[in-house]
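Q: First, the structure itself, so that you have it in front of you.
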Amino acid sequence: HISKFRFHEPYDSVMADSFISQLFNSRVFQQHACRTGEDNGHVAPDVPIQGSVKGICFEALKANVMSMCFFDRLADSGITVGKDAKIRGCFEDNIDGMACNSLLRKALVDEDDDNYELFNDEDREEVIFRLFRHLVFGGGGMCQYEDYLKPYLDVCKLLYKDLISVCKNKKTGKLEILSHVYQIKEMKGLKLFPEDHILNTAFVSVDKLRKYVTFYYAAWPGSSW
């Protein structure tokens with residue numbers, strides 16, 4: 001689920017807590033934004049976000065990546081092979097409900113894997129990393145994984161461009177990312193996700209120059225969908 005909203009007040013990152021709370025409590029947001037919930041004991045993917053949010057736990061993410069070269073290390077390390085970047089498979093492990101049947105998946109989530117440190121702690125705080133990881137695992141037990149890296153990168157690039165605003169600095173002539181991006185973990189007064197999981201994804205991206213906010217949501221579906 002992706003939705004965009006306009007706002008009119010000046011924005012500064014020091015006001016992130018109150019801004020996000022006001023966003024989730026606003027009538028317009030609750031009319032259009034959706035979450036995954038339950039309906040008569042069954043998973044319902046498009047439940048309106050309704051209720052009074054009294055507190056939000058979120059993480060401010062880094063948004064420094066300007067090129068998909070960020071993922072070149074996957075080929076350099078042998079996780080993908082050949083010009084077509086075929087993803088190398090491996091014996092399947094299950095980590096927190098995530099089926100890890102490729103070197104790519106293990107590198108993204110298995111802390112004991114030799115390739116886990118390809119992405120250091122700062123890399124893993126980048127918006128594009130969280131988005132890419134979500135795309136690789138997002139379908140849970142029903143995920144139809146890709147054999148090649150390109151489909152993941154193509155979709156990741158499109159979504160990243162939708163989340164991130166870029167502007168050229170008039171003084172330096174260089175491109176700069178303007179967006180402030182926050183990953184919502186949980187909130188008081190509203191159950192945002194059906195269950196706790198590292199792959200629950202809810203981004204709030206604020207473009208303070210153009211004054212619009214993008215909400216991106218995808219709950220971890222588990223193995224039962």
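Labeling convention for the structure tokens: chains A, B, ... as they appear, residues from 1 per chain, ligands from 1 in order of appearance.
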DSSP on the backbone: which residues in segment 28-169 of chain A end up as strand (DSSP E)? Give the answer as a ChimeraX atom specification.
A: /A:34-39,42-48,55-60,80-81,86-87,89-95,98-102,166-168
Q: Report as a ChimeraX atom specification: the residues of segment 2-205 of chain A with a DSSP assignment of alpha helix (DSSP H), based on the backbone of this structure.
A: /A:16-25,27-32,73-76,103-109,127-137,150-163
Q: Taking C-alpha atoms for each residue, export the selection above as a compact mmCIF listing (two decimals), in the first residue's frame.
A:
# COMPACT_ATOMS: atom_id res chain seq x y z
CA ALA A 16 9.09 14.11 13.69
CA ASP A 17 7.27 12.60 16.69
CA SER A 18 4.42 15.10 16.72
CA PHE A 19 4.24 15.24 12.92
CA ILE A 20 3.84 11.47 12.53
CA SER A 21 1.28 11.34 15.35
CA GLN A 22 -0.76 14.11 13.74
CA LEU A 23 -0.53 12.33 10.39
CA PHE A 24 -1.89 9.04 11.74
CA ASN A 25 -4.64 10.81 13.68
CA ARG A 27 -9.15 12.34 9.24
CA VAL A 28 -7.84 12.35 5.64
CA PHE A 29 -5.09 9.86 6.44
CA GLN A 30 -7.48 7.46 8.17
CA GLN A 31 -9.87 7.69 5.22
CA HIS A 32 -7.27 6.61 2.68
CA ARG A 73 28.84 -6.07 -3.66
CA LEU A 74 26.42 -8.96 -4.25
CA ALA A 75 28.22 -9.82 -7.49
CA ASP A 76 31.67 -9.04 -6.07
CA LEU A 103 22.96 -16.94 -0.56
CA LEU A 104 21.16 -13.63 -1.04
CA ARG A 105 18.52 -14.34 1.58
CA LYS A 106 21.06 -15.61 4.07
CA ALA A 107 23.25 -12.53 3.60
CA LEU A 108 20.29 -10.28 4.32
CA VAL A 109 19.05 -11.85 7.57
CA VAL A 127 15.99 3.13 3.31
CA ILE A 128 17.03 1.30 0.15
CA PHE A 129 18.37 -1.68 2.12
CA ARG A 130 15.16 -2.04 4.14
CA LEU A 131 13.12 -1.76 0.95
CA PHE A 132 15.26 -4.33 -0.90
CA ARG A 133 15.14 -6.78 2.00
CA HIS A 134 11.38 -6.43 2.16
CA LEU A 135 11.06 -7.16 -1.58
CA VAL A 136 13.25 -10.28 -1.36
CA PHE A 137 11.22 -11.77 1.51
CA LYS A 150 17.43 -7.82 -11.79
CA PRO A 151 13.69 -8.03 -10.99
CA TYR A 152 14.39 -7.16 -7.34
CA LEU A 153 16.61 -4.24 -8.31
CA ASP A 154 14.16 -2.91 -10.90
CA VAL A 155 11.23 -2.82 -8.47
CA CYS A 156 13.42 -1.53 -5.64
CA LYS A 157 14.60 1.36 -7.81
CA LEU A 158 11.05 2.33 -8.78
CA LEU A 159 9.79 2.27 -5.19
CA TYR A 160 12.86 4.08 -3.88
CA LYS A 161 12.32 6.89 -6.39
CA ASP A 162 8.71 7.10 -5.23
CA LEU A 163 9.81 7.43 -1.60
Q: So, with only C-alpha atoms as the atoms that count, which of A:Tyr212, A:Trp220, A:Phe7, A:Phe119 lies closest to Leu192 of chain A?
A: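 For Leu192 of chain A, the nearest of the given residues is A:Trp220.
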Q: Counting only C-alpha atoms, figure out which residue out of A:Lys86, A:Lys168, A:Asn64, A:Val181 gets nearest to Asp123 of chain A.
A: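 Counting only C-alpha atoms, the residue closest to Asp123 of chain A is A:Asn64.
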Q: Excluding His1 of chain A and residues on its chain fewer than 4 positions from it, collect all residues at most 7 Å away from it, counting only C-alpha atoms, and give them as a list in words.
A: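 The residues that qualify are Cys34, Tyr216, Tyr217 and Ala218 of chain A.
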Q: Go ahead and write the residues just picked, N, CA, C and O atoms, as a JSON list (two decimals), in the first residue's frame.
A:
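out.json written:
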[["chain", "number", "residue", "atom", "x", "y", "z"],
["A", 34, "CYS", "N", -4.34, 2.28, 4.56],
["A", 34, "CYS", "CA", -4.81, 0.95, 4.97],
["A", 34, "CYS", "C", -3.70, 0.17, 5.66],
["A", 34, "CYS", "O", -2.51, 0.45, 5.49],
["A", 216, "TYR", "N", 4.19, 4.21, 3.01],
["A", 216, "TYR", "CA", 4.40, 2.89, 2.37],
["A", 216, "TYR", "C", 4.20, 1.83, 3.44],
["A", 216, "TYR", "O", 4.83, 1.88, 4.49],
["A", 217, "TYR", "N", 3.34, 0.86, 3.13],
["A", 217, "TYR", "CA", 3.00, -0.15, 4.15],
["A", 217, "TYR", "C", 2.97, -1.55, 3.55],
["A", 217, "TYR", "O", 2.40, -1.77, 2.47],
["A", 218, "ALA", "N", 3.59, -2.49, 4.24],
["A", 218, "ALA", "CA", 3.50, -3.90, 3.87],
["A", 218, "ALA", "C", 3.77, -4.73, 5.12],
["A", 218, "ALA", "O", 4.87, -4.67, 5.67]]
Q: Pick from A:Pro194, A:Gly78, A:Pro10, A:Gly189: nearest to Gly55 of chain A, with only C-alpha atoms counted?
A: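 Counting only C-alpha atoms, the residue closest to Gly55 of chain A is A:Gly189.
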Q: Of the residues A:Phe193, A:Tyr148, A:Phe215, A:Tyr182, which is the one nearest to Phe58 of chain A, using only C-alpha atoms?
A: A:Tyr182
Q: Between A:Leu199, A:Met66, A:Lys83, A:Leu118, which residue has the minimum interatomic distance to Ile164 of chain A, considering only C-alpha atoms?
A: A:Met66
Q: Please provide as a list in words all residues within 7 Å of Lys188 of chain A, with the sequence filter that same-chain residues fewer than 4 positions apart are discarded (counting only C-alpha atoms).
A: Val53, Lys54, Gly55 and Ile56 of chain A
Q: With all heavy atoms retained, could you export that selection as a PDB file, in the first residue's frame?
A:
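Full text of part_20.pdb as output:
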ATOM      1  N   VAL A  53      -4.255   7.453  17.944  1.00  0.00           N
ATOM      2  CA  VAL A  53      -2.858   7.098  18.197  1.00  0.00           C
ATOM      3  C   VAL A  53      -2.306   8.017  19.281  1.00  0.00           C
ATOM      4  O   VAL A  53      -2.300   9.242  19.134  1.00  0.00           O
ATOM      5  CB  VAL A  53      -2.024   7.231  16.903  1.00  0.00           C
ATOM      6  CG1 VAL A  53      -0.565   6.949  17.190  1.00  0.00           C
ATOM      7  CG2 VAL A  53      -2.563   6.286  15.839  1.00  0.00           C
ATOM      8  N   LYS A  54      -1.828   7.414  20.365  1.00  0.00           N
ATOM      9  CA  LYS A  54      -1.365   8.186  21.518  1.00  0.00           C
ATOM     10  C   LYS A  54       0.152   8.203  21.658  1.00  0.00           C
ATOM     11  O   LYS A  54       0.695   8.925  22.476  1.00  0.00           O
ATOM     12  CB  LYS A  54      -2.006   7.634  22.795  1.00  0.00           C
ATOM     13  CG  LYS A  54      -3.532   7.700  22.792  1.00  0.00           C
ATOM     14  CD  LYS A  54      -4.121   7.077  24.037  1.00  0.00           C
ATOM     15  CE  LYS A  54      -5.637   7.232  24.074  1.00  0.00           C
ATOM     16  NZ  LYS A  54      -6.291   6.542  22.958  1.00  0.00           N
ATOM     17  N   GLY A  55       0.822   7.394  20.876  1.00  0.00           N
ATOM     18  CA  GLY A  55       2.280   7.360  20.929  1.00  0.00           C
ATOM     19  C   GLY A  55       2.816   6.466  19.836  1.00  0.00           C
ATOM     20  O   GLY A  55       2.179   5.473  19.477  1.00  0.00           O
ATOM     21  N   ILE A  56       3.969   6.819  19.288  1.00  0.00           N
ATOM     22  CA  ILE A  56       4.529   6.078  18.165  1.00  0.00           C
ATOM     23  C   ILE A  56       6.000   5.768  18.426  1.00  0.00           C
ATOM     24  O   ILE A  56       6.766   6.625  18.866  1.00  0.00           O
ATOM     25  CB  ILE A  56       4.395   6.869  16.853  1.00  0.00           C
ATOM     26  CG1 ILE A  56       2.921   7.058  16.475  1.00  0.00           C
ATOM     27  CG2 ILE A  56       5.111   6.161  15.715  1.00  0.00           C
ATOM     28  CD1 ILE A  56       2.699   7.826  15.197  1.00  0.00           C
TER      29      ILE A  56
END
